[in-house]
file work_21.cif (mmCIF, C-alpha atoms and all ligand atoms)
data_data
loop_
_atom_site.group_PDB
_atom_site.id
_atom_site.type_symbol
_atom_site.label_atom_id
_atom_site.label_comp_id
_atom_site.auth_asym_id
_atom_site.auth_seq_id
_atom_site.Cartn_x
_atom_site.Cartn_y
_atom_site.Cartn_z
ATOM 1 C CA MET X 280 -14.605 -31.660 -69.932
ATOM 2 C CA GLN X 281 -13.837 -30.062 -73.259
ATOM 3 C CA VAL X 282 -14.298 -26.609 -71.784
ATOM 4 C CA LEU X 283 -12.054 -27.374 -68.821
ATOM 5 C CA ARG X 284 -9.217 -28.646 -71.006
ATOM 6 C CA ARG X 285 -9.375 -25.594 -73.214
ATOM 7 C CA HIS X 286 -9.224 -23.372 -70.171
ATOM 8 C CA PHE X 287 -6.047 -25.014 -68.884
ATOM 9 C CA LEU X 288 -4.365 -24.598 -72.250
ATOM 10 C CA THR X 289 -4.614 -20.842 -72.091
ATOM 11 C CA VAL X 290 -1.625 -18.939 -70.762
ATOM 12 C CA SER X 291 -3.595 -17.436 -67.901
ATOM 13 C CA GLY X 292 -4.892 -20.866 -66.947
ATOM 14 C CA LEU X 293 -1.357 -22.257 -66.853
ATOM 15 C CA SER X 294 0.040 -19.407 -64.775
ATOM 16 C CA ALA X 295 -2.886 -19.667 -62.356
ATOM 17 C CA ALA X 296 -2.197 -23.376 -61.963
ATOM 18 C CA ALA X 297 1.500 -22.639 -61.392
ATOM 19 C CA ALA X 298 0.652 -20.051 -58.752
ATOM 20 C CA VAL X 299 -1.587 -22.507 -56.927
ATOM 21 C CA LEU X 300 1.103 -25.193 -57.051
ATOM 22 C CA GLY X 301 3.718 -22.697 -55.860
ATOM 23 C CA SER X 302 1.684 -21.666 -52.854
ATOM 24 C CA LEU X 303 1.020 -25.307 -51.999
ATOM 25 C CA PHE X 304 4.768 -25.987 -52.004
ATOM 26 C CA ARG X 305 5.437 -22.938 -49.845
ATOM 27 C CA VAL X 306 2.892 -24.084 -47.285
ATOM 28 C CA ALA X 307 4.517 -27.520 -47.313
ATOM 29 C CA ALA X 308 7.953 -25.983 -46.763
ATOM 30 C CA VAL X 309 6.800 -23.939 -43.759
ATOM 31 C CA LYS X 310 5.005 -26.938 -42.270
ATOM 32 C CA ALA X 311 8.092 -29.108 -42.716
ATOM 33 C CA GLN X 312 10.052 -26.640 -40.587
ATOM 34 C CA GLY X 313 7.122 -26.695 -38.212
ATOM 35 C CA GLY X 314 6.075 -23.148 -37.556
ATOM 36 C CA GLN X 315 5.422 -19.614 -38.629
ATOM 37 C CA VAL X 316 7.659 -16.580 -38.714
ATOM 38 C CA ARG X 317 6.806 -14.270 -35.820
ATOM 39 C CA GLU X 318 8.319 -10.814 -35.540
ATOM 40 C CA PHE X 319 8.573 -8.724 -32.378
ATOM 41 C CA VAL X 320 9.894 -5.235 -31.723
ATOM 42 C CA ILE X 321 11.077 -5.017 -28.112
ATOM 43 C CA THR X 322 12.478 -1.928 -26.442
ATOM 44 C CA ALA X 323 14.402 -1.677 -23.196
ATOM 45 C CA ASP X 324 14.004 1.697 -21.551
ATOM 46 C CA ARG X 325 14.047 2.958 -17.959
ATOM 47 C CA PHE X 326 14.673 -0.531 -16.636
ATOM 48 C CA SER X 327 11.790 -2.326 -18.258
ATOM 49 C CA PHE X 328 11.076 -4.260 -21.432
ATOM 50 C CA SER X 329 8.200 -3.370 -23.712
ATOM 51 C CA PRO X 330 6.459 -5.621 -24.413
ATOM 52 C CA ALA X 331 7.497 -7.700 -21.409
ATOM 53 C CA ARG X 332 5.561 -10.744 -22.536
ATOM 54 C CA ILE X 333 5.725 -12.387 -25.944
ATOM 55 C CA GLU X 334 3.745 -15.446 -26.935
ATOM 56 C CA VAL X 335 4.494 -17.805 -29.786
ATOM 57 C CA ASN X 336 3.635 -21.329 -30.789
ATOM 58 C CA ARG X 337 6.108 -24.133 -30.562
ATOM 59 C CA ASP X 338 8.497 -24.269 -33.523
ATOM 60 C CA ASP X 339 7.749 -20.732 -34.673
ATOM 61 C CA LEU X 340 10.738 -18.844 -36.028
ATOM 62 C CA VAL X 341 10.946 -15.816 -33.738
ATOM 63 C CA LYS X 342 12.575 -12.659 -35.105
ATOM 64 C CA VAL X 343 13.329 -10.014 -32.510
ATOM 65 C CA THR X 344 14.293 -6.405 -33.151
ATOM 66 C CA PHE X 345 15.694 -5.276 -29.809
ATOM 67 C CA THR X 346 16.480 -1.640 -29.022
ATOM 68 C CA ALA X 347 18.078 -0.200 -25.896
ATOM 69 C CA VAL X 348 16.764 3.316 -25.590
ATOM 70 C CA ASP X 349 18.356 5.136 -22.647
ATOM 71 C CA ILE X 350 21.459 3.185 -21.621
ATOM 72 C CA PRO X 351 22.910 -0.158 -22.748
ATOM 73 C CA HIS X 352 20.652 -3.141 -22.025
ATOM 74 C CA SER X 353 20.573 -6.780 -22.973
ATOM 75 C CA PHE X 354 17.988 -9.370 -23.893
ATOM 76 C CA THR X 355 19.124 -12.493 -22.105
ATOM 77 C CA GLN X 356 17.318 -15.849 -22.054
ATOM 78 C CA ASP X 357 19.195 -18.746 -20.546
ATOM 79 C CA GLY X 358 17.223 -21.723 -21.882
ATOM 80 C CA TYR X 359 17.642 -20.599 -25.469
ATOM 81 C CA ARG X 360 21.192 -19.378 -24.820
ATOM 82 C CA ILE X 361 20.390 -15.866 -25.976
ATOM 83 C CA ALA X 362 22.417 -12.898 -24.718
ATOM 84 C CA LYS X 363 22.110 -9.889 -26.997
ATOM 85 C CA ARG X 364 23.495 -6.553 -25.869
ATOM 86 C CA ALA X 365 22.514 -3.253 -27.416
ATOM 87 C CA ALA X 366 24.302 0.007 -26.748
ATOM 88 C CA ALA X 367 22.279 3.114 -25.882
ATOM 89 C CA GLY X 368 20.151 4.078 -28.854
ATOM 90 C CA GLN X 369 21.139 0.987 -30.794
ATOM 91 C CA THR X 370 19.254 -1.983 -32.169
ATOM 92 C CA VAL X 371 20.207 -5.622 -32.529
ATOM 93 C CA ILE X 372 18.228 -8.108 -34.579
ATOM 94 C CA PHE X 373 18.294 -11.828 -33.926
ATOM 95 C CA GLU X 374 16.156 -14.889 -34.454
ATOM 96 C CA PHE X 375 15.673 -18.298 -32.959
ATOM 97 C CA ARG X 376 13.441 -21.333 -33.313
ATOM 98 C CA ALA X 377 11.016 -21.596 -30.377
ATOM 99 C CA ASP X 378 11.404 -25.351 -29.975
ATOM 100 C CA ARG X 379 11.011 -25.525 -26.190
ATOM 101 C CA PRO X 380 7.485 -25.148 -24.818
ATOM 102 C CA GLY X 381 6.873 -23.403 -21.532
ATOM 103 C CA GLU X 382 7.436 -20.042 -19.874
ATOM 104 C CA HIS X 383 10.946 -18.757 -20.342
ATOM 105 C CA PRO X 384 11.953 -15.657 -18.392
ATOM 106 C CA PHE X 385 14.211 -13.123 -20.042
ATOM 107 C CA TYR X 386 16.126 -10.331 -18.352
ATOM 108 C CA CYS X 387 18.918 -7.813 -18.673
ATOM 109 C CA ASN X 388 22.263 -9.181 -17.514
ATOM 110 C CA LEU X 389 24.213 -5.917 -17.603
ATOM 111 C CA THR X 390 25.683 -4.654 -14.354
ATOM 112 C CA GLN X 391 26.351 -0.987 -14.972
ATOM 113 C CA ASP X 392 23.214 -0.113 -12.976
ATOM 114 C CA ASP X 393 21.613 -2.193 -10.215
ATOM 115 C CA ARG X 394 18.170 -1.413 -11.573
ATOM 116 C CA CYS X 395 18.896 -3.611 -14.588
ATOM 117 C CA ARG X 396 18.227 -6.526 -12.237
ATOM 118 C CA GLU X 397 14.600 -5.430 -12.084
ATOM 119 C CA MET X 398 14.217 -5.924 -15.820
ATOM 120 C CA LYS X 399 12.122 -9.014 -16.391
ATOM 121 C CA GLY X 400 10.028 -10.430 -19.164
ATOM 122 C CA VAL X 401 8.683 -13.759 -20.283
ATOM 123 C CA LEU X 402 8.658 -15.680 -23.525
ATOM 124 C CA VAL X 403 5.688 -18.041 -23.621
ATOM 125 C CA VAL X 404 5.953 -20.963 -26.036
ATOM 126 C CA LYS X 405 2.638 -22.805 -26.396
HETATM 127 CU CU CU X 501 19.733 -3.158 -18.530
#

call {"tool": "encode", "arguments": {"input": "work_21.cif", "output": "structure tokens"}}
result
Amino acid sequence: MQVLRRHFLTVSGLSAAAAVLGSLFRVAAVKAQGGQVREFVITADRFSFSPARIEVNRDDLVKVTFTAVDIPHSFTQDGYRIAKRAAAGQTVIFEFRADRPGEHPFYCNLTQDDRCREMKGVLVVK
């Protein structure tokens, strides 16, 4: 007991205890919001998305970096009310909370080329 008390009175002991407490609070904060941060880099090129399937867990915070490579494309998902357009060679970054479980199709809603209608992907929220 005496040894333990002396250890906690040292500066390194105190800072170690603070670090442990800090990480405990951070874990609590993430859990309170109910999910993890998940980051995806998605490109739209030649009328397809890559990757075309992204999987997350319910309540994850999803951060998407979306780039249209060849011509303008969009990342559109109706259930989450997402419609992000990127010009050719440009990137848009957005995030959303994946609070609806299920399979949610996303697509390109631009009309400058009919082949954009073939662009399909799916967001899976488990
Ligand atoms: Cu498109």

call {"tool": "atom_distance", "arguments": {"input": "work_21.cif", "atom1": "atom CA of X:Ile321", "atom2": "atom CA of X:Asp393"}}
result
21.0 Å

call {"tool": "residues_near_point", "arguments": {"input": "work_21.cif", "point": "(10.5, -25.1, -22.7)", "cutoff": "10 Å", "atoms": "all atoms listed in the file", "output": "ChimeraX atom specification"}}
result
/X:337,358-359,377-383,402-405

call {"tool": "write_last_selection", "arguments": {"input": "work_21.cif", "atoms": "C-alpha atoms", "output": "tab-separated table (two decimals), keeping the file's coordinate frame"}}
result
chain	number	residue	atom	x	y	z
X	337	ARG	CA	6.11	-24.13	-30.56
X	358	GLY	CA	17.22	-21.72	-21.88
X	359	TYR	CA	17.64	-20.60	-25.47
X	377	ALA	CA	11.02	-21.60	-30.38
X	378	ASP	CA	11.40	-25.35	-29.98
X	379	ARG	CA	11.01	-25.52	-26.19
X	380	PRO	CA	7.48	-25.15	-24.82
X	381	GLY	CA	6.87	-23.40	-21.53
X	382	GLU	CA	7.44	-20.04	-19.87
X	383	HIS	CA	10.95	-18.76	-20.34
X	402	LEU	CA	8.66	-15.68	-23.52
X	403	VAL	CA	5.69	-18.04	-23.62
X	404	VAL	CA	5.95	-20.96	-26.04
X	405	LYS	CA	2.64	-22.80	-26.40

call {"tool": "residues_near_ligand", "arguments": {"input": "work_21.cif", "ligand": "ligand CU 501 (chain X)", "cutoff": "7 Å", "atoms": "only C-alpha atoms and all ligand atoms", "output": "list in words"}}
result
Phe326, Pro351, His352, Ser353, Cys387, Asn388, Leu389, Cys395 and Met398 of chain X

call {"tool": "residues_near_point", "arguments": {"input": "work_21.cif", "point": "(4.8, -18.0, -36.8)", "cutoff": "9 Å", "atoms": "only C-alpha atoms", "output": "ChimeraX atom specification"}}
result
/X:314-318,335-341

call {"tool": "resolve_selection", "arguments": {"input": "work_21.cif", "expression": "the PyMOL selection byres (((chain X and resi 370) around 9) and not hetatm)", "output": "JSON, numbers by chain"}}
result
{"X": [322, 344, 345, 346, 347, 348, 364, 365, 366, 367, 368, 369, 371, 372]}

call {"tool": "write_last_selection", "arguments": {"input": "work_21.cif", "atoms": "C-alpha atoms", "output": "mmCIF file, in the coordinates of the input"}}
result
data_model
loop_
_atom_site.group_PDB
_atom_site.id
_atom_site.type_symbol
_atom_site.label_atom_id
_atom_site.label_comp_id
_atom_site.auth_asym_id
_atom_site.auth_seq_id
_atom_site.Cartn_x
_atom_site.Cartn_y
_atom_site.Cartn_z
ATOM 1 C CA THR X 322 12.478 -1.928 -26.442
ATOM 2 C CA THR X 344 14.293 -6.405 -33.151
ATOM 3 C CA PHE X 345 15.694 -5.276 -29.809
ATOM 4 C CA THR X 346 16.480 -1.640 -29.022
ATOM 5 C CA ALA X 347 18.078 -0.200 -25.896
ATOM 6 C CA VAL X 348 16.764 3.316 -25.590
ATOM 7 C CA ARG X 364 23.495 -6.553 -25.869
ATOM 8 C CA ALA X 365 22.514 -3.253 -27.416
ATOM 9 C CA ALA X 366 24.302 0.007 -26.748
ATOM 10 C CA ALA X 367 22.279 3.114 -25.882
ATOM 11 C CA GLY X 368 20.151 4.078 -28.854
ATOM 12 C CA GLN X 369 21.139 0.987 -30.794
ATOM 13 C CA VAL X 371 20.207 -5.622 -32.529
ATOM 14 C CA ILE X 372 18.228 -8.108 -34.579
#

call {"tool": "axis_aligned_box", "arguments": {"input": "work_21.cif", "around": "stretch 357-372 of chain X", "padding_each_side": "4 Å", "output": "AutoDock Vina command-line options"}}
result
--center_x 20.8 --center_y -8.8 --center_z -27.6 --size_x 15.1 --size_y 33.8 --size_z 22.0

call {"tool": "atom_distance", "arguments": {"input": "work_21.cif", "atom1": "atom CA of X:Gln356", "atom2": "atom CA of X:Lys399"}}
result
10.3 Å

call {"tool": "atom_distance", "arguments": {"input": "work_21.cif", "atom1": "atom CA of X:Ser327", "atom2": "atom CA of X:Ile361"}}
result
17.8 Å

call {"tool": "closest_residue", "arguments": {"input": "work_21.cif", "among": "X:Glu374, X:Asp392, X:Asp357, X:Glu397", "to": "X:Phe328", "atoms": "all atoms listed in the file"}}
result
X:Glu397
